[in-house]
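Undergrad: Starting off with a structure, shown below.
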Amino acid sequence: METHIGIIGGGILGIALARALAFKGEHRITVLEKEATLASHQTGRNSGVVHAGLYYQPGSLKAQLCARGKALTREYCQEHALPYRELGKLVVALGDGQLGRLADMEQRAIANQVPGLARLSRDELVQIEPHVAGIAALHSPQTASVDYGAITRSMAGEVQAAGGQILLNSEVTAVKVSDQACLVSTTENTHRFDQLIVCAGLQSDVIARMVGADPSPKILPFRGEYWVMSKSSSAMVNGMIYPVPDPRFPFLGVHFTRGVYDEVHVGPNAVPALAREGYDWKTFSFKDTMESLRWPGASSLVKKYWKTGATEIGASLIKPLYLKQSKAYLPELQSADLVKKGKAGVRAQAWSKDGSLLDDFAVDQVGPVTVLRNAPSPAATSAMAIADYVLDRYPVGKAR
Ligand SMILES: Cc1cc2nc3c(=O)[nH]c(=O)nc-3n(C[C@H](O)[C@H](O)[C@H](O)COP(=O)(O)OP(=O)(O)OC[C@H]3O[C@@H](n4cnc5c(N)ncnc54)[C@H](O)[C@@H]3O)c2cc1C
């Protein structure tokens with residue numbers, strides 16, 4: 001008998017999984033997405049970078065699936081005539097104090113076999129990005145820009161062509177799991193599935209609780225905001241310019257990214273969001289904020305990051321402070337060059353009860369339900385590889 005598999009979430013992960021299952025041709029697939037359009041959250045609100053694997057712990061899922069995901073994404077964009085620009089990235093050390101961390105990163109990148117990786121001197125780095133400050137850099141020539149929303153919509157077309165169903169405006173409000181089936185209630189209907197996959201991004205822990213999984217880890221929402229550079233000033237950036245990340249902090253730091261449609265974005269920063277889908281300071285959810293504040297790990301998180309947090313919040317609210325941070329890399333940048341705020345995104349980063357972040361991708365299995373529990377960056381790059389990994393290692397899509 002045909003297995004009916006439900007997938008909660010119409011971001012790039014849910015759709016990549018639906019596509020991989022649809023291509024097997026053995027199952028009935030239904031994707032439930034609460035919004036009116038696909039890719040409305042993280043997938044449509046990110047830097048659009050296809051990462052080449054510089055940062056990740058060698059051997060980790062992030063390292064393995066990013067490398068494979070990058071290759072699959074490139075191939076997919078070529079086959080489907082979707083934009084893919086291999087503009088290359090520089091990770092720039094501003095002073096001697098950052099050279100040790102740059103060297104550590106180089107070792108990781110070598111272990112991860114980042115293609116074309118090169119260590120550059122000041123003279124060499126200005127050949128690639130003439131306006132950048134810095135004394136040394138790592139160059140990753142194959143780091144690329146794409147439109148993850150367009151990739152998701154294209155894959156969704158393939159799912160539908162293969163007979164899969166994608167139901168928009170279908171918010172999952174309750175899930176009842178038994179050995180035999182999953183009864184999934186949406187605002188519209190109740191669906192009966194044999195197996196269920198949860199790819200709900202910022203809501204993944206909420207759905208995880210509905211299916212009876214451990215409430216930990218929890219998603220603590222951190223917004224990333226961007227400024228858009230004016231057309232004339234954007235000529236100062238050829239590809240991507242990144243800081244050397246501080247390993248004590250989970251995010252990569254504000255960077256300059258030339259996207260597929262040629263706009264240059266400066267960001268994302270990292271500020272606490274006052275709602276899971278809080279894309280600006282005005283969006284406040286009492287429930288989400290109280291849940292974050294009551295989380296046992298919240299106090300140790302605040303203790304650890306309050307200084308960085310205060311700097312980030314200051315730069316979010318006061319443009320000259322954001323400019324000052326950005327000018328460290330592009331000294332010629334002026335306030336008028338940052339013309340408008342871009343589309344912000346909120347990261348679905350999972351945190352444990354002790355306030356530590358879950359570094360690697362994480363998947364839970366609860367009976368017939370497979371829950372993608374932690375899929376932050378580079379999960380968009382890795383989406384197609386994550387889909388293959390989940391179908392290979394977890395019971396979903398196999399006879400029970
Ligand atoms: C600021 C920022 C920059 C980033 N930059 C990059 C980058 O350059 N490169 C990269 O590889 N990654 C990047 N990422 C990470 C990347 O965007 C995510 O890892 C990826 O999009 C995760 O996809 P997803 O499908 O899991 O989540 P999402 O895209 O968030 O999709 C989850 C979906 O589930 C739906 N959903 C939630 N709850 C329900 C419910 N109850 N019922 C039905 N549907 C529901 C949501 O509406 C949503 O559409 C970035 C992320 C952010 C926030």
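Within each chain, counting starts at residue 1; across the structure tokens, chains are named A, B, ... in the order shown, with ligands numbered 1 upward in that order.
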Output the neighbourhood of ligand 1 as number ranges by chain, that is, all protein and nucleic acid residues with some atom at most 6 Å from the ligand, counting only C-alpha atoms and all ligand atoms.
TA: A: 8-14, 32-35, 38-43, 46-50, 170-173, 199-203, 224, 268, 345-347, 375-381
Undergrad: So that I have them on file, write out the residues from the current selection with N, CA and C atoms, as a short mmCIF file (atom, residue, chain, number, x, y, z; two decimals), in the first residue's frame.
TA:
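Saved the output as part.cif:
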```cif
data_model
loop_
_atom_site.label_atom_id
_atom_site.label_comp_id
_atom_site.auth_asym_id
_atom_site.auth_seq_id
_atom_site.Cartn_x
_atom_site.Cartn_y
_atom_site.Cartn_z
N ILE A 8 5.69 19.16 7.17
CA ILE A 8 5.27 20.47 7.67
C ILE A 8 6.38 21.46 7.36
N GLY A 9 6.08 22.47 6.55
CA GLY A 9 7.05 23.53 6.24
C GLY A 9 7.39 23.60 4.77
N GLY A 10 7.11 24.76 4.19
CA GLY A 10 7.41 24.99 2.77
C GLY A 10 8.58 25.93 2.59
N GLY A 11 9.64 25.69 3.41
CA GLY A 11 10.92 26.36 3.16
C GLY A 11 11.77 25.43 2.30
N ILE A 12 13.03 25.76 2.14
CA ILE A 12 13.86 24.98 1.22
C ILE A 12 14.05 23.54 1.70
N LEU A 13 14.05 23.31 3.03
CA LEU A 13 14.27 21.95 3.51
C LEU A 13 13.05 21.07 3.27
N GLY A 14 11.87 21.59 3.62
CA GLY A 14 10.64 20.82 3.42
C GLY A 14 10.46 20.48 1.94
N LEU A 32 2.48 20.85 3.99
CA LEU A 32 1.58 21.83 4.62
C LEU A 32 2.39 23.08 4.98
N GLU A 33 2.00 24.20 4.43
CA GLU A 33 2.73 25.45 4.68
C GLU A 33 1.73 26.48 5.20
N LYS A 34 2.08 27.14 6.30
CA LYS A 34 1.10 28.04 6.90
C LYS A 34 0.93 29.36 6.16
N GLU A 35 1.94 29.77 5.42
CA GLU A 35 1.86 31.06 4.73
C GLU A 35 1.21 30.91 3.36
N LEU A 38 5.45 30.06 -0.58
CA LEU A 38 6.59 29.26 -0.10
C LEU A 38 7.75 30.20 0.25
N ALA A 39 8.70 29.69 1.02
CA ALA A 39 9.94 30.42 1.32
C ALA A 39 9.69 31.79 1.96
N SER A 40 8.64 31.89 2.78
CA SER A 40 8.32 33.19 3.38
C SER A 40 9.22 33.55 4.55
N HIS A 41 9.85 32.56 5.17
CA HIS A 41 10.66 32.87 6.35
C HIS A 41 12.14 32.73 6.02
N GLN A 42 12.91 31.96 6.78
CA GLN A 42 14.36 31.97 6.58
C GLN A 42 14.80 31.83 5.11
N THR A 43 14.15 30.93 4.39
CA THR A 43 14.58 30.64 3.01
C THR A 43 14.50 31.86 2.10
N ASN A 46 17.50 35.56 3.62
CA ASN A 46 18.87 35.25 4.04
C ASN A 46 19.89 35.93 3.13
N SER A 47 21.16 35.61 3.31
CA SER A 47 22.21 36.29 2.53
C SER A 47 22.35 35.73 1.12
N GLY A 48 21.71 34.60 0.85
CA GLY A 48 21.78 34.03 -0.50
C GLY A 48 23.16 33.50 -0.85
N VAL A 49 23.93 33.12 0.16
CA VAL A 49 25.30 32.66 -0.11
C VAL A 49 25.33 31.12 -0.16
N VAL A 50 26.01 30.61 -1.18
CA VAL A 50 26.28 29.18 -1.24
C VAL A 50 27.65 29.01 -0.60
N SER A 170 -2.02 26.65 5.27
CA SER A 170 -2.41 25.48 6.06
C SER A 170 -1.52 25.39 7.31
N GLU A 171 -1.90 26.14 8.32
CA GLU A 171 -1.09 26.16 9.54
C GLU A 171 -1.41 24.95 10.41
N VAL A 172 -0.39 24.21 10.77
CA VAL A 172 -0.60 23.05 11.64
C VAL A 172 -0.81 23.55 13.07
N THR A 173 -1.92 23.12 13.65
CA THR A 173 -2.25 23.59 15.00
C THR A 173 -2.19 22.47 16.04
N CYS A 199 9.77 20.28 9.18
CA CYS A 199 10.83 21.21 8.73
C CYS A 199 10.30 22.61 8.96
N ALA A 200 9.95 22.91 10.20
CA ALA A 200 9.18 24.12 10.48
C ALA A 200 10.04 25.30 10.92
N GLY A 201 11.34 25.22 10.72
CA GLY A 201 12.22 26.37 10.93
C GLY A 201 12.06 27.00 12.30
N LEU A 202 11.61 28.23 12.33
CA LEU A 202 11.48 28.99 13.59
C LEU A 202 10.46 28.37 14.54
N GLN A 203 9.57 27.54 13.98
CA GLN A 203 8.53 26.90 14.82
C GLN A 203 8.87 25.43 15.06
N GLY A 224 18.59 38.98 11.99
CA GLY A 224 19.73 39.50 11.24
C GLY A 224 19.22 40.60 10.32
N PRO A 268 24.26 40.14 7.85
CA PRO A 268 23.32 40.50 8.90
C PRO A 268 24.02 40.66 10.26
N GLY A 345 16.02 38.82 8.36
CA GLY A 345 15.67 37.41 8.57
C GLY A 345 15.80 37.08 10.05
N VAL A 346 15.12 36.02 10.49
CA VAL A 346 15.31 35.56 11.87
C VAL A 346 15.84 34.14 11.82
N ARG A 347 16.93 33.91 12.57
CA ARG A 347 17.60 32.60 12.52
C ARG A 347 16.91 31.60 13.45
N ALA A 375 18.54 23.52 11.99
CA ALA A 375 18.97 23.64 10.59
C ALA A 375 19.26 25.11 10.27
N PRO A 376 20.24 25.69 10.99
CA PRO A 376 20.60 27.08 10.67
C PRO A 376 21.58 27.10 9.50
N SER A 377 22.17 28.25 9.21
CA SER A 377 23.16 28.35 8.14
C SER A 377 24.26 27.32 8.38
N PRO A 378 24.75 26.58 7.41
CA PRO A 378 24.48 26.67 5.97
C PRO A 378 23.42 25.68 5.48
N ALA A 379 22.26 25.65 6.14
CA ALA A 379 21.26 24.64 5.75
C ALA A 379 20.62 24.96 4.40
N ALA A 380 20.62 26.21 3.97
CA ALA A 380 20.07 26.49 2.64
C ALA A 380 21.03 25.92 1.59
N THR A 381 22.33 26.17 1.77
CA THR A 381 23.34 25.59 0.87
C THR A 381 23.21 24.07 0.85
#
```
Undergrad: Could you list, as a list in words, every residue within 12 Å of Arg248 in chain A, counting only C-alpha atoms and ignoring same-chain residues fewer than 3 positions away?
TA: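 The filter keeps Arg101, Val244, Pro245, Phe251, Leu252, Gly253, Leu301, Lys304, Tyr305, Thr308, Ser356, Leu357 and Asp359 of chain A.
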Undergrad: Could you check the closest approach to Ala109 in chain A for each of A:Pro58, A:Pro141, A:Gly88, A:Gly69 and tell me which residue wins, using only C-alpha atoms?
TA: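 Selected residue with least distance to Ala109 in chain A: A:Pro58.
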Undergrad: Give me, please, the distance in Å between CA of Lys398 in chain A and CA of Leu196 in chain A, quoted to one decimal.
TA: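 Separation between CA of Lys398 in chain A and CA of Leu196 in chain A: 12.2 Å.
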Undergrad: Do you know which residues are at most 12 Å from Asp194 in chain A counting only C-alpha atoms, after dropping those on the same chain fewer than 5 positions away, and could you put them as a CSV table (one decimal) with all heavy atoms, in the first residue's frame?
TA:
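Written output follows (result_30.csv):
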```
chain,number,residue,atom,x,y,z
A,1,MET,N,0.8,-1.2,0.0
A,1,MET,CA,0.0,0.0,0.0
A,1,MET,C,0.9,1.3,0.0
A,1,MET,O,1.9,1.3,0.6
A,1,MET,CB,-0.9,0.0,1.2
A,1,MET,CG,-2.2,0.7,1.0
A,1,MET,SD,-3.3,0.6,2.5
A,1,MET,CE,-2.3,1.6,3.7
A,2,GLU,N,0.5,2.3,-0.7
A,2,GLU,CA,1.2,3.5,-0.8
A,2,GLU,C,1.3,4.2,0.6
A,2,GLU,O,0.3,4.3,1.3
A,2,GLU,CB,0.4,4.4,-1.8
A,2,GLU,CG,1.2,5.6,-2.3
A,2,GLU,CD,0.3,6.4,-3.2
A,2,GLU,OE1,-0.8,6.7,-2.9
A,2,GLU,OE2,0.8,6.8,-4.3
A,3,THR,N,2.5,4.7,0.9
A,3,THR,CA,2.6,5.4,2.2
A,3,THR,C,2.3,6.9,1.9
A,3,THR,O,2.8,7.5,1.0
A,3,THR,CB,4.1,5.3,2.7
A,3,THR,OG1,4.5,3.9,2.6
A,3,THR,CG2,4.3,5.8,4.1
A,4,HIS,N,1.5,7.5,2.8
A,4,HIS,CA,1.2,8.9,2.7
A,4,HIS,C,2.2,9.7,3.7
A,4,HIS,O,2.1,9.5,4.9
A,4,HIS,CB,-0.2,9.2,3.0
A,4,HIS,CG,-0.7,10.6,2.6
A,4,HIS,ND1,-1.9,11.0,2.8
A,4,HIS,CD2,0.0,11.6,2.0
A,4,HIS,CE1,-2.0,12.3,2.4
A,4,HIS,NE2,-0.8,12.7,1.9
A,5,ILE,N,3.0,10.5,3.1
A,5,ILE,CA,4.0,11.2,3.9
A,5,ILE,C,3.6,12.7,4.0
A,5,ILE,O,3.5,13.3,2.9
A,5,ILE,CB,5.4,11.0,3.4
A,5,ILE,CG1,5.8,9.5,3.4
A,5,ILE,CG2,6.4,11.8,4.3
A,5,ILE,CD1,7.1,9.2,2.8
A,6,GLY,N,3.5,13.2,5.2
A,6,GLY,CA,3.2,14.7,5.3
A,6,GLY,C,4.5,15.4,5.7
A,6,GLY,O,5.3,14.8,6.4
A,7,ILE,N,4.6,16.6,5.2
A,7,ILE,CA,5.8,17.4,5.5
A,7,ILE,C,5.3,18.8,6.0
A,7,ILE,O,4.5,19.4,5.3
A,7,ILE,CB,6.7,17.6,4.2
A,7,ILE,CG1,7.2,16.2,3.8
A,7,ILE,CG2,7.8,18.6,4.5
A,7,ILE,CD1,8.0,16.3,2.5
A,27,HIS,N,5.6,7.1,-3.0
A,27,HIS,CA,4.8,7.6,-1.9
A,27,HIS,C,3.8,8.7,-2.3
A,27,HIS,O,4.1,9.3,-3.4
A,27,HIS,CB,5.7,8.2,-0.8
A,27,HIS,CG,6.9,7.3,-0.5
A,27,HIS,ND1,6.7,6.1,0.2
A,27,HIS,CD2,8.2,7.4,-0.8
A,27,HIS,CE1,7.9,5.5,0.3
A,27,HIS,NE2,8.8,6.3,-0.2
A,28,ARG,N,2.8,8.9,-1.5
A,28,ARG,CA,2.0,10.1,-1.7
A,28,ARG,C,2.6,11.2,-0.8
A,28,ARG,O,2.8,10.9,0.4
A,28,ARG,CB,0.6,9.7,-1.2
A,28,ARG,CG,-0.5,10.4,-2.0
A,28,ARG,CD,-1.8,9.9,-1.6
A,28,ARG,NE,-2.7,11.0,-1.2
A,28,ARG,CZ,-3.7,10.9,-0.4
A,28,ARG,NH1,-4.0,9.8,0.2
A,28,ARG,NH2,-4.4,12.0,-0.1
A,29,ILE,N,2.8,12.4,-1.4
A,29,ILE,CA,3.4,13.5,-0.6
A,29,ILE,C,2.5,14.6,-0.5
A,29,ILE,O,1.9,15.1,-1.4
A,29,ILE,CB,4.7,14.0,-1.4
A,29,ILE,CG1,5.6,12.9,-1.9
A,29,ILE,CG2,5.4,15.0,-0.5
A,29,ILE,CD1,6.2,12.1,-0.8
A,30,THR,N,2.4,15.2,0.8
A,30,THR,CA,1.6,16.4,1.0
A,30,THR,C,2.4,17.4,1.9
A,30,THR,O,2.9,17.0,3.0
A,30,THR,CB,0.3,16.1,1.7
A,30,THR,OG1,-0.5,15.2,0.9
A,30,THR,CG2,-0.5,17.4,1.9
A,176,LYS,N,-1.5,14.5,16.5
A,176,LYS,CA,-1.7,13.4,17.3
A,176,LYS,C,-1.0,12.2,16.7
A,176,LYS,O,-1.2,11.9,15.6
A,176,LYS,CB,-3.2,13.0,17.4
A,176,LYS,CG,-3.8,13.1,18.7
A,176,LYS,CD,-5.2,12.6,18.7
A,176,LYS,CE,-6.0,13.1,19.8
A,176,LYS,NZ,-7.4,13.0,19.6
A,177,VAL,N,0.0,11.6,17.5
A,177,VAL,CA,0.8,10.6,16.9
A,177,VAL,C,0.5,9.3,17.6
A,177,VAL,O,0.4,9.2,18.8
A,177,VAL,CB,2.3,10.9,17.1
A,177,VAL,CG1,3.2,9.8,16.5
A,177,VAL,CG2,2.7,12.3,16.6
A,178,SER,N,0.2,8.2,16.8
A,178,SER,CA,0.1,6.9,17.3
A,178,SER,C,1.0,6.0,16.5
A,178,SER,O,1.7,6.5,15.5
A,178,SER,CB,-1.3,6.4,17.2
A,178,SER,OG,-1.6,6.1,15.8
A,179,ASP,N,1.1,4.7,16.8
A,179,ASP,CA,2.0,3.8,16.1
A,179,ASP,C,1.5,3.7,14.6
A,179,ASP,O,2.3,3.5,13.7
A,179,ASP,CB,1.9,2.4,16.7
A,179,ASP,CG,3.2,2.2,17.4
A,179,ASP,OD1,4.1,3.1,17.5
A,179,ASP,OD2,3.4,1.0,17.9
A,180,GLN,N,0.2,3.8,14.4
A,180,GLN,CA,-0.3,3.6,13.1
A,180,GLN,C,-0.3,4.8,12.2
A,180,GLN,O,-0.2,4.7,11.0
A,180,GLN,CB,-1.8,3.1,13.2
A,180,GLN,CG,-2.1,2.1,14.3
A,180,GLN,CD,-1.2,0.9,14.2
A,180,GLN,OE1,-0.9,0.5,13.1
A,180,GLN,NE2,-0.8,0.4,15.3
A,181,ALA,N,-0.5,6.0,12.8
A,181,ALA,CA,-0.7,7.2,12.0
A,181,ALA,C,-0.4,8.5,12.7
A,181,ALA,O,-0.3,8.5,13.9
A,181,ALA,CB,-2.1,7.2,11.5
A,182,CYS,N,-0.3,9.6,11.9
A,182,CYS,CA,-0.2,10.9,12.5
A,182,CYS,C,-1.4,11.7,12.0
A,182,CYS,O,-1.7,11.8,10.8
A,182,CYS,CB,1.0,11.6,11.9
A,182,CYS,SG,2.5,10.7,12.1
A,183,LEU,N,-2.2,12.2,13.0
A,183,LEU,CA,-3.4,13.0,12.6
A,183,LEU,C,-2.9,14.4,12.8
A,183,LEU,O,-2.6,14.9,13.9
A,183,LEU,CB,-4.5,12.7,13.5
A,183,LEU,CG,-5.2,11.4,13.3
A,183,LEU,CD1,-6.4,11.2,14.2
A,183,LEU,CD2,-5.7,11.2,11.8
A,184,VAL,N,-2.9,15.2,11.7
A,184,VAL,CA,-2.4,16.5,11.7
A,184,VAL,C,-3.5,17.5,11.4
A,184,VAL,O,-4.1,17.5,10.3
A,184,VAL,CB,-1.3,16.7,10.6
A,184,VAL,CG1,-0.8,18.1,10.6
A,184,VAL,CG2,-0.1,15.7,10.9
A,367,GLY,N,8.7,8.0,17.0
A,367,GLY,CA,7.8,7.1,16.3
A,367,GLY,C,7.9,7.4,14.8
A,367,GLY,O,8.9,7.4,14.2
A,368,PRO,N,6.7,7.6,14.2
A,368,PRO,CA,6.7,7.8,12.7
A,368,PRO,C,7.1,9.3,12.3
A,368,PRO,O,6.9,9.6,11.1
A,368,PRO,CB,5.3,7.5,12.3
A,368,PRO,CG,4.5,7.8,13.5
A,368,PRO,CD,5.3,7.6,14.7
A,369,VAL,N,7.5,10.1,13.2
A,369,VAL,CA,7.8,11.5,12.9
A,369,VAL,C,9.3,11.8,12.9
A,369,VAL,O,10.0,11.5,13.9
A,369,VAL,CB,7.1,12.4,13.9
A,369,VAL,CG1,7.2,13.9,13.5
A,369,VAL,CG2,5.7,12.0,14.2
A,370,THR,N,9.8,12.4,11.9
A,370,THR,CA,11.2,12.8,11.8
A,370,THR,C,11.2,14.3,11.9
A,370,THR,O,10.5,15.0,11.1
A,370,THR,CB,11.8,12.4,10.4
A,370,THR,OG1,11.5,11.0,10.2
A,370,THR,CG2,13.3,12.7,10.3
A,395,PRO,N,13.9,6.5,9.2
A,395,PRO,CA,12.9,5.5,8.7
A,395,PRO,C,12.0,6.1,7.7
A,395,PRO,O,11.3,5.4,7.0
A,395,PRO,CB,12.1,5.1,10.0
A,395,PRO,CG,12.9,5.6,11.1
A,395,PRO,CD,13.8,6.7,10.7
A,396,VAL,N,11.9,7.5,7.6
A,396,VAL,CA,10.9,8.1,6.7
A,396,VAL,C,11.1,7.6,5.2
A,396,VAL,O,12.2,7.5,4.8
A,396,VAL,CB,10.9,9.6,6.8
A,396,VAL,CG1,12.2,10.2,6.4
A,396,VAL,CG2,9.8,10.2,6.0
A,397,GLY,N,10.0,7.2,4.6
A,397,GLY,CA,10.1,6.8,3.2
A,397,GLY,C,10.4,5.3,3.1
A,397,GLY,O,10.4,4.7,2.0
A,398,LYS,N,10.6,4.6,4.2
A,398,LYS,CA,10.9,3.2,4.2
A,398,LYS,C,9.7,2.4,4.7
A,398,LYS,O,8.9,2.9,5.5
A,398,LYS,CB,12.1,2.8,5.0
A,398,LYS,CG,13.4,3.6,4.6
A,398,LYS,CD,14.6,3.2,5.3
A,398,LYS,CE,15.8,4.0,4.8
A,398,LYS,NZ,15.9,5.4,5.3
A,399,ALA,N,9.5,1.1,4.3
A,399,ALA,CA,8.4,0.3,4.8
A,399,ALA,C,8.6,0.2,6.3
A,399,ALA,O,9.7,0.1,6.8
A,399,ALA,CB,8.5,-1.0,4.1
A,400,ARG,N,7.4,0.2,7.0
A,400,ARG,CA,7.5,0.1,8.5
A,400,ARG,C,7.0,-1.3,9.0
A,400,ARG,O,6.3,-1.9,8.4
A,400,ARG,CB,6.6,1.2,9.1
A,400,ARG,CG,7.0,2.6,8.8
A,400,ARG,CD,6.1,3.6,9.4
A,400,ARG,NE,6.1,3.5,10.8
A,400,ARG,CZ,5.0,3.7,11.6
A,400,ARG,NH1,3.9,3.9,11.0
A,400,ARG,NH2,5.1,3.6,12.9
```
Undergrad: Between CA of Arg276 in chain A and CA of Thr186 in chain A, what is the spacing in Å?
TA: 19.5 Å
Undergrad: Using only C-alpha atoms for the distances, tell me which of A:Val132, A:Ala344, A:Ile197, A:Val271 is nearest to Ile313 in chain A.
TA: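 Result for the nearest residue to Ile313 in chain A: A:Val271.
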Undergrad: Identify, on the basis of only C-alpha atoms, every residue whose closest approach to range 290-297 of chain A does not exceed 6 Å; exclude the query and any residue fewer than 3 positions from it along the same chain; express the result as a list in words.
TA: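 After dropping sequence-adjacent residues, the list is Phe286, Lys287, Ser300, Lys353, Asp354 and Gly355 of chain A.
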Undergrad: Based on the backbone DSSP call, show me all residues of range 126-295 of chain A assigned helix (DSSP H, G or I), as a PyMOL selection string.
TA: chain A and resi 126-128+148-161+201-210+233-236+286-294
Undergrad: Please produce a file of those selected residues containing N, CA and C atoms, as a compact mmCIF listing (two decimals), in the first residue's frame.
TA:
```
# COMPACT_ATOMS: atom_id res chain seq x y z
N VAL A 126 44.00 43.04 -2.29
CA VAL A 126 43.45 44.23 -2.96
C VAL A 126 43.33 44.05 -4.48
N GLN A 127 43.96 43.02 -5.00
CA GLN A 127 43.75 42.71 -6.42
C GLN A 127 42.31 42.21 -6.62
N ILE A 128 41.76 41.58 -5.57
CA ILE A 128 40.39 41.03 -5.69
C ILE A 128 39.35 42.06 -5.24
N TYR A 148 17.60 31.62 -3.02
CA TYR A 148 17.06 30.38 -2.45
C TYR A 148 15.54 30.29 -2.60
N GLY A 149 14.87 31.45 -2.63
CA GLY A 149 13.42 31.43 -2.84
C GLY A 149 13.10 30.86 -4.21
N ALA A 150 13.86 31.29 -5.22
CA ALA A 150 13.62 30.82 -6.60
C ALA A 150 13.92 29.32 -6.70
N ILE A 151 14.97 28.87 -6.02
CA ILE A 151 15.30 27.43 -6.05
C ILE A 151 14.15 26.63 -5.42
N THR A 152 13.63 27.14 -4.30
CA THR A 152 12.54 26.44 -3.60
C THR A 152 11.30 26.35 -4.49
N ARG A 153 10.97 27.46 -5.13
CA ARG A 153 9.77 27.45 -6.00
C ARG A 153 9.95 26.51 -7.18
N SER A 154 11.17 26.48 -7.71
CA SER A 154 11.44 25.58 -8.84
C SER A 154 11.30 24.11 -8.40
N MET A 155 11.86 23.79 -7.23
CA MET A 155 11.75 22.40 -6.74
C MET A 155 10.29 22.06 -6.44
N ALA A 156 9.52 23.06 -5.95
CA ALA A 156 8.10 22.82 -5.64
C ALA A 156 7.35 22.46 -6.92
N GLY A 157 7.71 23.10 -8.03
CA GLY A 157 7.10 22.77 -9.32
C GLY A 157 7.35 21.32 -9.68
N GLU A 158 8.55 20.85 -9.38
CA GLU A 158 8.88 19.44 -9.68
C GLU A 158 8.06 18.49 -8.80
N VAL A 159 7.87 18.89 -7.54
CA VAL A 159 7.07 18.05 -6.62
C VAL A 159 5.66 17.91 -7.18
N GLN A 160 5.09 19.04 -7.60
CA GLN A 160 3.70 19.00 -8.10
C GLN A 160 3.62 18.21 -9.40
N ALA A 161 4.65 18.40 -10.26
CA ALA A 161 4.65 17.67 -11.54
C ALA A 161 4.73 16.16 -11.30
N GLY A 201 11.34 25.22 10.72
CA GLY A 201 12.22 26.37 10.93
C GLY A 201 12.06 27.00 12.30
N LEU A 202 11.61 28.23 12.33
CA LEU A 202 11.48 28.99 13.59
C LEU A 202 10.46 28.37 14.54
N GLN A 203 9.57 27.54 13.98
CA GLN A 203 8.53 26.90 14.82
C GLN A 203 8.87 25.43 15.06
N SER A 204 10.08 24.99 14.72
CA SER A 204 10.35 23.55 14.76
C SER A 204 10.24 22.99 16.18
N ASP A 205 10.61 23.79 17.19
CA ASP A 205 10.50 23.27 18.55
C ASP A 205 9.04 23.23 19.02
N VAL A 206 8.21 24.15 18.49
CA VAL A 206 6.78 24.16 18.85
C VAL A 206 6.14 22.87 18.32
N ILE A 207 6.44 22.55 17.05
CA ILE A 207 5.86 21.33 16.46
C ILE A 207 6.48 20.10 17.13
N ALA A 208 7.77 20.19 17.47
CA ALA A 208 8.42 19.05 18.14
C ALA A 208 7.67 18.73 19.44
N ARG A 209 7.27 19.77 20.16
CA ARG A 209 6.51 19.53 21.41
C ARG A 209 5.16 18.88 21.09
N MET A 210 4.54 19.34 19.99
CA MET A 210 3.22 18.76 19.62
C MET A 210 3.33 17.26 19.35
N SER A 233 27.81 53.29 -4.87
CA SER A 233 28.82 52.87 -3.89
C SER A 233 29.04 51.35 -3.93
N SER A 234 28.04 50.60 -4.44
CA SER A 234 28.19 49.14 -4.42
C SER A 234 29.33 48.67 -5.33
N ALA A 235 29.79 49.57 -6.18
CA ALA A 235 30.93 49.23 -7.04
C ALA A 235 32.19 48.97 -6.19
N MET A 236 32.15 49.37 -4.92
CA MET A 236 33.29 49.11 -4.03
C MET A 236 33.42 47.62 -3.66
N PHE A 286 4.22 38.58 23.14
CA PHE A 286 4.37 38.37 24.59
C PHE A 286 4.73 36.91 24.87
N LYS A 287 4.03 35.99 24.16
CA LYS A 287 4.22 34.56 24.38
C LYS A 287 5.66 34.15 24.03
N ASP A 288 6.11 34.55 22.83
CA ASP A 288 7.45 34.15 22.40
C ASP A 288 8.52 34.75 23.32
N THR A 289 8.34 36.02 23.69
CA THR A 289 9.35 36.69 24.52
C THR A 289 9.40 36.05 25.91
N MET A 290 8.21 35.77 26.48
CA MET A 290 8.19 35.16 27.82
C MET A 290 8.80 33.76 27.78
N GLU A 291 8.49 33.01 26.71
CA GLU A 291 9.07 31.65 26.57
C GLU A 291 10.60 31.73 26.51
N SER A 292 11.12 32.72 25.79
CA SER A 292 12.59 32.88 25.69
C SER A 292 13.17 33.25 27.05
N LEU A 293 12.51 34.20 27.73
CA LEU A 293 13.04 34.68 29.02
C LEU A 293 13.00 33.58 30.08
N ARG A 294 11.98 32.73 29.98
CA ARG A 294 11.82 31.65 30.99
C ARG A 294 12.70 30.44 30.69
```
Undergrad: I'd like the neighbourhood of range 76-85 of chain A as a VMD selection string, where a residue qualifies if any of its atoms comes within 7 Å (using only C-alpha atoms), though same-chain residues fewer than 2 positions away should be ignored.
TA: chain A and resid 72 to 74 87 144 to 146 260
Undergrad: Could you check how far CA of Ala383 in chain A sits from CA of Gln64 in chain A, in Å to one decimal?
TA: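 CA of Gln64 in chain A lies 12.0 Å from CA of Ala383 in chain A.
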Undergrad: Report as a list in words all protein, DNA and RNA residues lying within 7 Å of Leu220 in chain A, evaluated on only C-alpha atoms, omitting residues in the same chain fewer than 3 positions from it.
TA: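 In the requested form, the answer reads Ser292, Gln349, Ala350 and Trp351 of chain A.
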Undergrad: With distances taken over only C-alpha atoms, which of A:Phe361, A:Phe284, A:Tyr242, A:Phe222 is nearest to Gly309 in chain A?
TA: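 When distances to Gly309 in chain A are compared using only C-alpha atoms, the smallest one comes from A:Phe222.
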Undergrad: Between A:Asp337, A:Tyr279, A:Ala315, A:Arg119, which has the minimum distance to Val264 in chain A (counting only C-alpha atoms)?
TA: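 Result for the nearest residue to Val264 in chain A: A:Asp337.
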Undergrad: Find, counting only C-alpha atoms, the residue in A:Gln334, A:Asn374, A:Asn112, A:Ser60 that gets nearest to Tyr322 in chain A.
TA: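 Ranking A:Gln334, A:Asn374, A:Asn112, A:Ser60 by distance to Tyr322 in chain A, first place goes to A:Gln334.
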